[in-house]
file protein.txt (compact mmCIF, C-alpha atoms and all ligand atoms)
# COMPACT_ATOMS: atom_id res chain seq x y z
CA MET D 1 0.00 0.00 0.00
CA ASN D 2 1.54 3.37 -0.97
CA SER D 3 1.30 6.43 1.26
CA GLN D 4 -1.41 8.01 -0.90
CA SER D 5 -3.73 5.02 -0.58
CA LEU D 6 -3.01 4.87 3.15
CA LYS D 7 -4.12 8.47 3.54
CA ARG D 8 -7.35 7.68 1.78
CA ALA D 9 -7.96 4.39 3.57
CA PRO D 10 -11.03 4.59 5.79
CA VAL D 11 -10.25 3.65 9.38
CA LEU D 12 -13.18 1.34 10.00
CA PRO D 13 -16.87 1.74 9.34
CA THR D 14 -18.62 2.79 12.57
CA ARG D 15 -20.82 -0.28 12.41
CA VAL D 16 -17.67 -2.43 12.75
CA SER D 17 -15.63 -0.41 15.23
CA GLY D 18 -18.70 0.54 17.27
CA THR D 19 -19.50 -3.15 17.76
CA PHE D 20 -16.48 -3.63 19.99
CA TRP D 21 -16.71 -0.48 22.08
CA GLY D 22 -17.00 -1.63 25.69
CA SER D 23 -16.49 -5.33 24.83
CA ASP D 24 -14.17 -7.71 26.64
CA LEU D 25 -11.36 -9.69 25.08
CA VAL D 26 -11.30 -12.72 27.35
CA SER D 27 -11.09 -15.12 24.43
CA THR D 28 -10.56 -14.72 20.70
CA ARG D 29 -14.15 -15.96 20.49
CA ASP D 30 -15.26 -12.56 21.87
CA LEU D 31 -13.99 -10.90 18.69
CA GLY D 32 -15.15 -13.51 16.21
CA ARG D 33 -14.37 -13.10 12.55
CA PRO D 34 -15.33 -9.39 12.26
CA GLY D 35 -13.34 -8.46 15.36
CA VAL D 36 -10.21 -10.34 14.33
CA GLU D 37 -10.36 -8.79 10.86
CA ALA D 38 -10.98 -5.33 12.36
CA VAL D 39 -7.97 -5.61 14.70
CA LEU D 40 -5.64 -6.68 11.88
CA HIS D 41 -6.90 -3.98 9.53
CA LEU D 42 -6.68 -1.25 12.13
CA ALA D 43 -3.24 -2.37 13.33
CA GLY D 44 -1.95 -1.89 9.79
CA ILE D 45 -3.28 1.66 9.64
CA MET D 46 -1.99 2.49 13.11
CA LYS D 47 1.45 1.17 12.21
CA ALA D 48 1.54 3.30 9.04
CA ARG D 49 0.10 6.47 10.58
CA PRO D 50 0.93 6.47 14.32
CA ALA D 51 0.77 10.26 14.60
CA ASP D 52 -2.89 10.31 13.56
CA PHE D 53 -3.80 8.34 16.67
CA ARG D 54 -1.62 10.18 19.18
CA SER D 55 -4.37 11.47 21.41
CA THR D 56 -7.29 9.24 20.44
CA LEU D 57 -7.43 7.71 23.94
CA ALA D 58 -6.48 10.87 25.85
CA GLY D 59 -7.92 10.78 29.34
CA LYS D 60 -8.42 6.99 29.33
CA GLN D 61 -6.83 4.95 32.11
CA MET D 62 -6.08 1.25 32.31
CA VAL D 63 -4.91 -1.00 35.12
CA MET D 64 -2.84 -4.15 34.57
CA PHE D 65 -2.62 -7.00 37.11
CA PHE D 66 -0.02 -9.64 36.21
CA GLU D 67 0.28 -12.90 38.16
CA LYS D 68 3.16 -14.01 35.88
CA PRO D 69 6.28 -12.29 34.49
CA SER D 70 6.17 -10.38 31.19
CA LEU D 71 8.42 -8.36 28.92
CA ARG D 72 6.54 -7.99 25.61
CA THR D 73 2.93 -7.96 26.76
CA ARG D 74 3.44 -5.52 29.60
CA LEU D 75 5.62 -3.07 27.67
CA THR D 76 3.58 -3.12 24.46
CA PHE D 77 0.39 -2.41 26.41
CA GLU D 78 2.12 0.38 28.33
CA ALA D 79 3.85 1.91 25.32
CA GLY D 80 0.76 1.42 23.15
CA MET D 81 -1.61 3.10 25.59
CA SER D 82 0.85 5.94 26.17
CA SER D 83 1.21 6.52 22.42
CA LEU D 84 -2.59 6.88 22.16
CA GLY D 85 -2.60 9.48 24.93
CA GLY D 86 -3.88 7.23 27.72
CA ALA D 87 -2.31 6.11 31.01
CA THR D 88 -1.57 2.68 32.54
CA PHE D 89 -1.05 1.47 36.10
CA PHE D 90 0.82 -1.79 36.60
CA VAL D 91 0.17 -4.01 39.63
CA ASP D 92 2.66 -6.84 40.26
CA GLN D 93 0.38 -9.69 41.26
CA THR D 94 3.06 -12.41 41.22
CA GLN D 95 3.02 -12.88 45.00
CA GLU D 96 -0.61 -14.01 45.30
CA PRO D 97 -3.34 -14.77 42.75
CA LEU D 98 -6.09 -12.21 42.23
CA GLY D 99 -9.07 -12.97 44.43
CA THR D 100 -6.95 -14.08 47.42
CA ARG D 101 -7.09 -10.89 49.48
CA GLU D 102 -10.66 -10.03 48.50
CA LYS D 103 -13.36 -11.38 46.24
CA LEU D 104 -12.86 -10.91 42.52
CA SER D 105 -16.28 -9.28 42.24
CA ASP D 106 -15.34 -6.74 44.92
CA ILE D 107 -12.12 -5.89 43.06
CA ALA D 108 -14.14 -5.50 39.84
CA HIS D 109 -16.59 -3.11 41.51
CA ASN D 110 -13.68 -0.98 42.76
CA LEU D 111 -11.81 -0.85 39.47
CA GLU D 112 -14.83 0.09 37.37
CA ARG D 113 -15.21 3.25 39.48
CA TRP D 114 -11.64 4.37 38.79
CA VAL D 115 -10.39 3.33 35.37
CA ASP D 116 -11.59 2.54 31.83
CA ALA D 117 -10.11 -0.94 31.23
CA ILE D 118 -8.55 -3.91 33.03
CA VAL D 119 -5.73 -6.04 31.57
CA LEU D 120 -5.05 -9.37 33.28
CA ARG D 121 -2.29 -11.99 33.04
CA THR D 122 -3.32 -14.91 35.23
CA PHE D 123 -2.97 -18.62 35.73
CA ALA D 124 -6.71 -19.39 35.60
CA GLN D 125 -8.75 -18.34 32.59
CA ASN D 126 -11.68 -18.22 35.05
CA THR D 127 -10.08 -15.28 36.85
CA ILE D 128 -10.23 -13.25 33.63
CA ALA D 129 -13.72 -14.49 32.75
CA GLY D 130 -14.87 -13.77 36.32
CA MET D 131 -13.50 -10.24 36.26
CA ALA D 132 -15.22 -9.65 32.92
CA ALA D 133 -18.49 -10.99 34.30
CA HIS D 134 -18.44 -8.53 37.20
CA ALA D 135 -16.74 -5.42 35.78
CA SER D 136 -18.69 -2.96 33.65
CA ILE D 137 -15.51 -1.92 31.79
CA PRO D 138 -13.55 -3.89 29.15
CA VAL D 139 -11.37 -6.74 30.46
CA ILE D 140 -8.50 -7.91 28.25
CA ASN D 141 -6.72 -11.28 28.45
CA ALA D 142 -2.95 -10.70 28.50
CA LEU D 143 -2.35 -14.49 28.78
CA SER D 144 -3.83 -17.21 30.91
CA ASP D 145 -3.04 -20.91 31.08
CA LEU D 146 -5.70 -21.40 28.40
CA GLU D 147 -5.39 -18.54 25.91
CA HIS D 148 -3.11 -15.75 24.71
CA PRO D 149 -5.38 -13.91 22.26
CA CYS D 150 -3.29 -10.74 21.84
CA GLN D 151 -0.25 -12.84 20.89
CA ALA D 152 -2.01 -14.78 18.14
CA LEU D 153 -3.52 -11.60 16.71
CA ALA D 154 -0.01 -10.14 16.48
CA ASP D 155 1.25 -13.35 14.89
CA TYR D 156 -1.39 -13.31 12.17
CA PHE D 157 -0.75 -9.58 11.65
CA THR D 158 2.91 -10.49 11.08
CA LEU D 159 1.91 -13.17 8.57
CA GLN D 160 -0.47 -10.78 6.80
CA GLU D 161 2.30 -8.22 6.42
CA ARG D 162 4.61 -10.87 4.99
CA PHE D 163 2.21 -12.80 2.74
CA GLY D 164 -0.87 -10.61 2.23
CA ASP D 165 -4.08 -12.64 2.02
CA LEU D 166 -4.15 -15.14 4.88
CA LYS D 167 -6.73 -17.52 3.42
CA ASN D 168 -4.17 -19.79 1.77
CA ILE D 169 -1.38 -19.41 4.29
CA ARG D 170 -0.45 -22.67 5.96
CA LEU D 171 0.94 -22.41 9.48
CA ALA D 172 2.41 -25.40 11.31
CA TYR D 173 2.62 -25.20 15.10
CA VAL D 174 4.87 -27.85 16.67
CA GLY D 175 5.25 -28.46 20.40
CA ASP D 176 2.98 -28.04 23.40
CA GLY D 177 -0.75 -27.74 22.71
CA ASN D 178 -1.06 -24.91 25.18
CA ASN D 179 -2.27 -21.29 25.43
CA VAL D 180 -0.47 -19.96 22.36
CA ALA D 181 -1.48 -22.94 20.23
CA HIS D 182 -5.08 -22.48 21.40
CA SER D 183 -5.16 -18.83 20.40
CA LEU D 184 -3.52 -19.58 17.04
CA LEU D 185 -6.24 -22.18 16.41
CA LEU D 186 -9.05 -19.77 17.24
CA THR D 187 -7.54 -16.86 15.30
CA CYS D 188 -6.84 -19.06 12.28
CA ALA D 189 -10.43 -20.29 12.44
CA CYS D 190 -11.81 -16.72 12.53
CA LEU D 191 -9.64 -15.74 9.55
CA GLY D 192 -10.51 -18.76 7.41
CA SER D 193 -6.83 -19.68 7.21
CA LYS D 194 -5.02 -23.05 7.41
CA ILE D 195 -3.25 -24.51 10.45
CA ARG D 196 -1.67 -27.81 11.46
CA VAL D 197 -0.86 -28.45 15.11
CA ALA D 198 1.53 -31.29 15.98
CA THR D 199 2.03 -32.24 19.62
CA PRO D 200 3.23 -35.26 21.56
CA LYS D 201 0.50 -37.62 22.74
CA GLY D 202 -1.07 -36.27 25.91
CA TYR D 203 -0.07 -32.67 25.12
CA GLY D 204 -2.67 -31.90 22.47
CA PRO D 205 -4.93 -28.86 22.42
CA ASN D 206 -7.81 -28.48 24.86
CA THR D 207 -10.80 -30.35 23.43
CA GLN D 208 -13.27 -27.49 23.96
CA ILE D 209 -10.97 -24.97 22.25
CA LEU D 210 -10.50 -27.38 19.36
CA ALA D 211 -14.23 -28.00 19.02
CA ASP D 212 -14.93 -24.26 19.08
CA ALA D 213 -12.20 -23.58 16.52
CA GLN D 214 -13.63 -26.29 14.27
CA ALA D 215 -17.14 -24.87 14.64
CA ILE D 216 -15.88 -21.41 13.61
CA ALA D 217 -13.89 -23.02 10.77
CA GLU D 218 -17.09 -24.48 9.35
CA GLN D 219 -18.38 -20.93 8.93
CA THR D 220 -15.17 -19.37 7.60
CA GLY D 221 -13.68 -22.19 5.52
CA ALA D 222 -10.61 -22.51 7.74
CA VAL D 223 -8.75 -25.81 7.64
CA ILE D 224 -7.57 -27.23 10.97
CA GLU D 225 -5.52 -30.40 11.32
CA VAL D 226 -4.23 -31.88 14.57
CA LEU D 227 -1.39 -34.37 14.18
CA SER D 228 1.35 -35.99 16.19
CA ASP D 229 4.09 -36.17 13.54
CA PRO D 230 6.04 -32.88 13.41
CA GLN D 231 7.59 -33.65 9.99
CA GLU D 232 4.16 -34.27 8.49
CA ALA D 233 2.90 -31.02 10.03
CA VAL D 234 5.63 -28.81 8.54
CA GLU D 235 5.57 -30.38 5.07
CA GLY D 236 5.29 -27.53 2.54
CA VAL D 237 3.93 -24.93 4.99
CA ASP D 238 4.47 -21.15 4.82
CA ALA D 239 5.29 -20.70 8.51
CA VAL D 240 6.59 -22.91 11.32
CA TYR D 241 5.86 -21.88 14.92
CA THR D 242 6.84 -23.18 18.33
CA ASP D 243 6.57 -22.18 21.99
CA ALA D 244 8.11 -23.21 25.31
CA TRP D 245 7.94 -26.88 26.26
CA ALA D 246 7.25 -25.92 29.89
CA SER D 247 5.15 -22.76 30.17
CA MET D 248 5.05 -20.35 33.09
CA GLY D 249 3.69 -22.29 36.06
CA GLN D 250 4.85 -25.64 34.63
CA GLU D 251 8.51 -25.25 35.61
CA HIS D 252 8.25 -28.31 37.91
CA GLU D 253 7.45 -30.42 34.81
CA ALA D 254 10.45 -29.15 32.82
CA GLY D 255 12.56 -32.29 33.39
CA LYS D 256 9.81 -34.67 32.33
CA ARG D 257 8.89 -32.55 29.30
CA ALA D 258 12.55 -32.27 28.23
CA LYS D 259 12.49 -36.04 27.62
CA ILE D 260 9.23 -36.00 25.63
CA PHE D 261 9.47 -32.92 23.40
CA PRO D 262 12.88 -33.17 21.56
CA PRO D 263 11.32 -34.66 18.37
CA TYR D 264 9.32 -31.40 18.18
CA GLN D 265 12.36 -29.13 18.40
CA MET D 266 12.31 -26.41 15.72
CA ASN D 267 15.72 -27.11 14.22
CA GLN D 268 17.17 -26.90 10.72
CA GLU D 269 16.29 -30.50 9.94
CA LEU D 270 12.63 -29.98 10.84
CA VAL D 271 12.15 -26.64 9.07
CA ALA D 272 13.81 -28.04 5.93
CA GLY D 273 10.48 -29.72 5.22
CA ALA D 274 8.63 -26.39 5.01
CA ALA D 275 8.27 -24.34 1.81
CA PRO D 276 11.51 -22.59 0.72
CA HIS D 277 9.95 -19.20 1.53
CA ALA D 278 8.64 -20.32 4.95
CA VAL D 279 9.15 -18.09 7.97
CA PHE D 280 10.03 -19.23 11.49
CA MET D 281 7.98 -18.01 14.42
CA HIS D 282 8.08 -18.01 18.22
CA CYS D 283 6.04 -15.93 20.66
CA LEU D 284 9.10 -15.50 22.95
CA PRO D 285 10.61 -15.84 25.47
CA ALA D 286 12.60 -18.56 23.68
CA HIS D 287 14.52 -21.28 25.45
CA ARG D 288 17.34 -21.55 22.94
CA GLY D 289 18.60 -25.10 22.51
CA GLU D 290 15.31 -26.51 23.78
CA GLU D 291 12.21 -25.86 21.65
CA ILE D 292 14.19 -23.80 19.08
CA THR D 293 17.83 -23.83 18.01
CA ASP D 294 19.99 -20.72 17.58
CA ALA D 295 20.35 -21.50 13.87
CA VAL D 296 16.59 -21.28 13.31
CA MET D 297 15.90 -18.42 15.70
CA ASP D 298 18.72 -16.30 14.22
CA SER D 299 18.15 -17.28 10.60
CA GLU D 300 17.19 -14.72 7.95
CA ARG D 301 13.79 -16.36 7.73
CA SER D 302 13.07 -15.91 11.42
CA VAL D 303 10.35 -13.32 12.08
CA VAL D 304 10.37 -13.56 15.87
CA PHE D 305 11.24 -9.89 16.36
CA ASP D 306 8.68 -8.83 13.75
CA GLN D 307 6.15 -10.71 15.87
CA ALA D 308 7.37 -8.82 18.94
CA GLU D 309 7.00 -5.50 17.09
CA SER D 310 3.53 -6.50 15.92
CA ARG D 311 2.48 -6.86 19.54
CA LEU D 312 2.66 -3.06 19.83
CA HIS D 313 0.54 -2.26 16.78
CA VAL D 314 -2.02 -4.91 17.63
CA GLN D 315 -2.26 -3.87 21.30
CA LYS D 316 -3.02 -0.32 20.12
CA ALA D 317 -5.72 -1.53 17.75
CA ILE D 318 -7.32 -3.61 20.52
CA LEU D 319 -7.32 -0.68 22.95
CA TYR D 320 -8.67 1.69 20.33
CA LEU D 321 -11.55 -0.64 19.41
CA LEU D 322 -12.51 -1.62 22.96
CA LEU D 323 -12.17 1.87 24.44
CA GLY D 324 -14.04 3.66 21.68
CA GLY D 325 -11.14 5.54 20.13
CA GLU D 326 -12.92 6.17 16.88
CA THR D 327 -15.01 9.00 18.28
CA ARG D 328 -11.83 10.95 18.88
CA LEU D 329 -10.26 10.36 15.48
CA PRO D 330 -8.82 13.45 13.83
CA SER D 331 -11.27 14.44 11.10
CA ARG D 332 -8.61 14.24 8.35
CA SER D 333 -8.09 10.55 9.04
CA ALA D 334 -11.73 9.72 9.46
CA HIS D 335 -12.99 11.45 6.35
CA ALA D 336 -10.00 11.82 4.02
N1 LIG D 401 5.08 -13.33 24.15
C1 LIG D 401 4.79 -12.83 25.34
O1 LIG D 401 3.63 -12.77 25.78
O2 LIG D 401 5.88 -12.36 26.01
P1 LIG D 401 5.89 -11.90 27.53
O3 LIG D 401 5.64 -13.12 28.37
O4 LIG D 401 7.27 -11.33 27.74
O5 LIG D 401 4.82 -10.88 27.74
N1 LIG D 402 3.20 -20.72 26.63
C1 LIG D 402 4.01 -19.67 27.19
C2 LIG D 402 3.79 -18.40 26.47
C3 LIG D 402 4.65 -17.26 26.93
C4 LIG D 402 4.35 -15.98 26.21
C5 LIG D 402 3.69 -19.53 28.65
O1 LIG D 402 2.52 -19.56 29.01
O2 LIG D 402 4.62 -19.40 29.45
call {"tool": "encode", "arguments": {"input": "protein.txt", "output": "structure tokens"}}
result
Amino acid sequence: MNSQSLKRAPVLPTRVSGTFWGSDLVSTRDLGRPGVEAVLHLAGIMKARPADFRSTLAGKQMVMFFEKPSLRTRLTFEAGMSSLGGATFFVDQTQEPLGTREKLSDIAHNLERWVDAIVLRTFAQNTIAGMAAHASIPVINALSDLEHPCQALADYFTLQERFGDLKNIRLAYVGDGNNVAHSLLLTCACLGSKIRVATPKGYGPNTQILADAQAIAEQTGAVIEVLSDPQEAVEGVDAVYTDAWASMGQEHEAGKRAKIFPPYQMNQELVAGAAPHAVFMHCLPAHRGEEITDAVMDSERSVVFDQAESRLHVQKAILYLLLGGETRLPSRSAHA
């Protein structure tokens, strides 16, 4: 897209952007196909024209409670909100889970009196769903044991930038069928794209997530395959993706998992089966020498830092849509 067409590009029709104003993002399912497409479209415009959005969330405030560590998610939410003119408050919740000191519903009824949005990184998905059920302001999932929706949106934004139309893009995920794999499945389903997930036996995706992704896929034409053979999964694909073998909170299982997962390591031998133009992906943090080798992570076809950059643009698009940024758009952008 050249700069002239970007200037003329409409941001989003009100009927689309307005749909998400005040919504939660607990699961990718909350966005559905229109929401996922809206986030990706808007992220592209925000990346190209950041100055146009500089004060579109001025006066908005957001609180972030994180029960687990974070580099990318925390800083992209903070930098993203700041670049839109809003403010964030970070609460380190790593010492005790939310809901320990007081009831989740009581926390929700405090926060909704003070700020405009709540961002949560938790162990239990139910903590995020529970906060959303009680709070009258948007609640955003910044990773739980079950889903990492913002990550997968950024990953598909990265693929869209690289390949354009996502419909015929084939992504292979190899490794643990965990939060990131779940969100890739749901996002792929919403976009009508193609995904293969290969995991060791006993480490496959959550059955409810898979069933929901398949139900969405029936509407969108997405193709979802769950396998156990990593070589079969990567055969001819456009992108190969992996994640940690032992996620945050599973550190005590690291020894056991280190014996099971090596056939799923993203190494040169495995990625050789992908298409010659295939890109290599990881949500990060990477455990080099475990789920991914240095040679793959540092190769010219690795897009791991593009994915990290995409987190920023996508976070901004999510905040803008959920917090009603459109109403504050500079008129030149809205009507040019
Ligand atoms: N990918 C990701 O969510 O990174 P952080 O854990 O550093 O936020
Ligand atoms: N599956 C990983 C993702 C980290 C961004 C974890 O939950 O630790």
call {"tool": "residues_near_ligand", "arguments": {"input": "protein.txt", "ligand": "ligand LIG 401 (chain D)", "cutoff": "9 Å", "atoms": "only C-alpha atoms and all ligand atoms", "output": "PyMOL selection string"}}
result
chain D and resi 68-76+121+142-143+148+150-151+180+248+282-285+307-308+311
call {"tool": "residues_around", "arguments": {"input": "protein.txt", "residues": "Ile292 (chain D)", "least_positions_apart": "5", "cutoff": "9 Å", "atoms": "all atoms listed in the file", "output": "list in words"}}
result
Thr242, Asp243, Ala244, Gln265, Met266, Asn267, His282, Ala286, His287 and Met297 of chain D
call {"tool": "closest_residue", "arguments": {"input": "protein.txt", "among": "D:Glu218, D:Glu269, D:Glu225, D:Glu147", "to": "ligand LIG 402 (chain D)", "atoms": "only C-alpha atoms and all ligand atoms"}}
result
D:Glu147
call {"tool": "closest_residue", "arguments": {"input": "protein.txt", "among": "D:Pro138, D:Gly255, D:Gly99, D:Pro149", "to": "ligand LIG 402 (chain D)", "atoms": "all atoms listed in the file"}}
result
D:Pro149
call {"tool": "residues_around", "arguments": {"input": "protein.txt", "residues": "Leu98 (chain D)", "least_positions_apart": "5", "cutoff": "9 Å", "atoms": "all atoms listed in the file", "output": "list in words"}}
result
Phe65, Phe66, Glu67, Gln93, Lys103, Leu104, Ile107, Thr122 and Thr127 of chain D
call {"tool": "residues_near_point", "arguments": {"input": "protein.txt", "point": "(-12.0, -10.0, 14.2)", "cutoff": "12 Å", "atoms": "all atoms listed in the file", "output": "VMD selection string"}}
result
chain D and resid 16 to 17 19 to 20 25 27 to 43 149 to 150 152 to 153 156 to 157 186 to 192 220 314 317 to 318 321
call {"tool": "closest_atom_pairs", "arguments": {"input": "protein.txt", "of": "region 275-295 of chain D", "to": "region 168-174 of chain D", "cutoff": "12 Å", "atoms": "only C-alpha atoms", "output": "tab-separated table"}}
result
residue	atom	partner	partner_atom	distance
D:Ala275	CA	D:Arg170	CA	9.8
D:His277	CA	D:Ile169	CA	11.7
D:Ala278	CA	D:Leu171	CA	9.2
D:Val279	CA	D:Leu171	CA	9.4
D:Phe280	CA	D:Ala172	CA	9.8
D:Met281	CA	D:Tyr173	CA	9.0
D:His282	CA	D:Tyr173	CA	9.6
D:Cys283	CA	D:Tyr173	CA	11.3
D:Glu291	CA	D:Val174	CA	9.1
D:Ile292	CA	D:Val174	CA	10.4
call {"tool": "atom_distance", "arguments": {"input": "protein.txt", "atom1": "CA of Glu112 (chain D)", "atom2": "CA of Leu312 (chain D)"}}
result
25.0 Å
call {"tool": "closest_residue", "arguments": {"input": "protein.txt", "among": "D:Ala124, D:Leu319, D:Ala233, D:Ile260", "to": "ligand LIG 402 (chain D)", "atoms": "all atoms listed in the file"}}
result
D:Ala124
call {"tool": "decode", "arguments": {"input": "protein.txt", "residues": "region 218-272 of chain D", "atoms": "C-alpha atoms", "output": "mmCIF file, in the first residue's frame"}}
result
data_model
loop_
_atom_site.group_PDB
_atom_site.id
_atom_site.type_symbol
_atom_site.label_atom_id
_atom_site.label_comp_id
_atom_site.auth_asym_id
_atom_site.auth_seq_id
_atom_site.Cartn_x
_atom_site.Cartn_y
_atom_site.Cartn_z
ATOM 1 C CA GLU D 218 -17.095 -24.476 9.350
ATOM 2 C CA GLN D 219 -18.379 -20.934 8.929
ATOM 3 C CA THR D 220 -15.169 -19.372 7.597
ATOM 4 C CA GLY D 221 -13.675 -22.193 5.517
ATOM 5 C CA ALA D 222 -10.607 -22.514 7.743
ATOM 6 C CA VAL D 223 -8.745 -25.814 7.635
ATOM 7 C CA ILE D 224 -7.567 -27.229 10.971
ATOM 8 C CA GLU D 225 -5.516 -30.399 11.323
ATOM 9 C CA VAL D 226 -4.233 -31.884 14.570
ATOM 10 C CA LEU D 227 -1.395 -34.374 14.181
ATOM 11 C CA SER D 228 1.347 -35.988 16.187
ATOM 12 C CA ASP D 229 4.086 -36.174 13.535
ATOM 13 C CA PRO D 230 6.042 -32.877 13.411
ATOM 14 C CA GLN D 231 7.595 -33.649 9.989
ATOM 15 C CA GLU D 232 4.160 -34.270 8.490
ATOM 16 C CA ALA D 233 2.900 -31.020 10.032
ATOM 17 C CA VAL D 234 5.629 -28.807 8.542
ATOM 18 C CA GLU D 235 5.570 -30.376 5.066
ATOM 19 C CA GLY D 236 5.286 -27.528 2.543
ATOM 20 C CA VAL D 237 3.926 -24.931 4.994
ATOM 21 C CA ASP D 238 4.474 -21.151 4.815
ATOM 22 C CA ALA D 239 5.290 -20.705 8.507
ATOM 23 C CA VAL D 240 6.589 -22.907 11.318
ATOM 24 C CA TYR D 241 5.857 -21.881 14.915
ATOM 25 C CA THR D 242 6.843 -23.176 18.325
ATOM 26 C CA ASP D 243 6.568 -22.179 21.990
ATOM 27 C CA ALA D 244 8.110 -23.213 25.312
ATOM 28 C CA TRP D 245 7.941 -26.880 26.260
ATOM 29 C CA ALA D 246 7.250 -25.918 29.889
ATOM 30 C CA SER D 247 5.151 -22.759 30.173
ATOM 31 C CA MET D 248 5.047 -20.347 33.092
ATOM 32 C CA GLY D 249 3.690 -22.288 36.057
ATOM 33 C CA GLN D 250 4.852 -25.643 34.629
ATOM 34 C CA GLU D 251 8.512 -25.248 35.607
ATOM 35 C CA HIS D 252 8.249 -28.305 37.905
ATOM 36 C CA GLU D 253 7.447 -30.416 34.810
ATOM 37 C CA ALA D 254 10.447 -29.147 32.820
ATOM 38 C CA GLY D 255 12.563 -32.292 33.391
ATOM 39 C CA LYS D 256 9.805 -34.666 32.325
ATOM 40 C CA ARG D 257 8.889 -32.549 29.304
ATOM 41 C CA ALA D 258 12.554 -32.268 28.231
ATOM 42 C CA LYS D 259 12.495 -36.045 27.622
ATOM 43 C CA ILE D 260 9.228 -36.003 25.633
ATOM 44 C CA PHE D 261 9.470 -32.923 23.398
ATOM 45 C CA PRO D 262 12.878 -33.166 21.563
ATOM 46 C CA PRO D 263 11.318 -34.664 18.371
ATOM 47 C CA TYR D 264 9.316 -31.400 18.178
ATOM 48 C CA GLN D 265 12.355 -29.126 18.399
ATOM 49 C CA MET D 266 12.307 -26.412 15.720
ATOM 50 C CA ASN D 267 15.725 -27.107 14.223
ATOM 51 C CA GLN D 268 17.170 -26.902 10.715
ATOM 52 C CA GLU D 269 16.294 -30.496 9.942
ATOM 53 C CA LEU D 270 12.632 -29.982 10.838
ATOM 54 C CA VAL D 271 12.151 -26.643 9.068
ATOM 55 C CA ALA D 272 13.809 -28.035 5.925
#
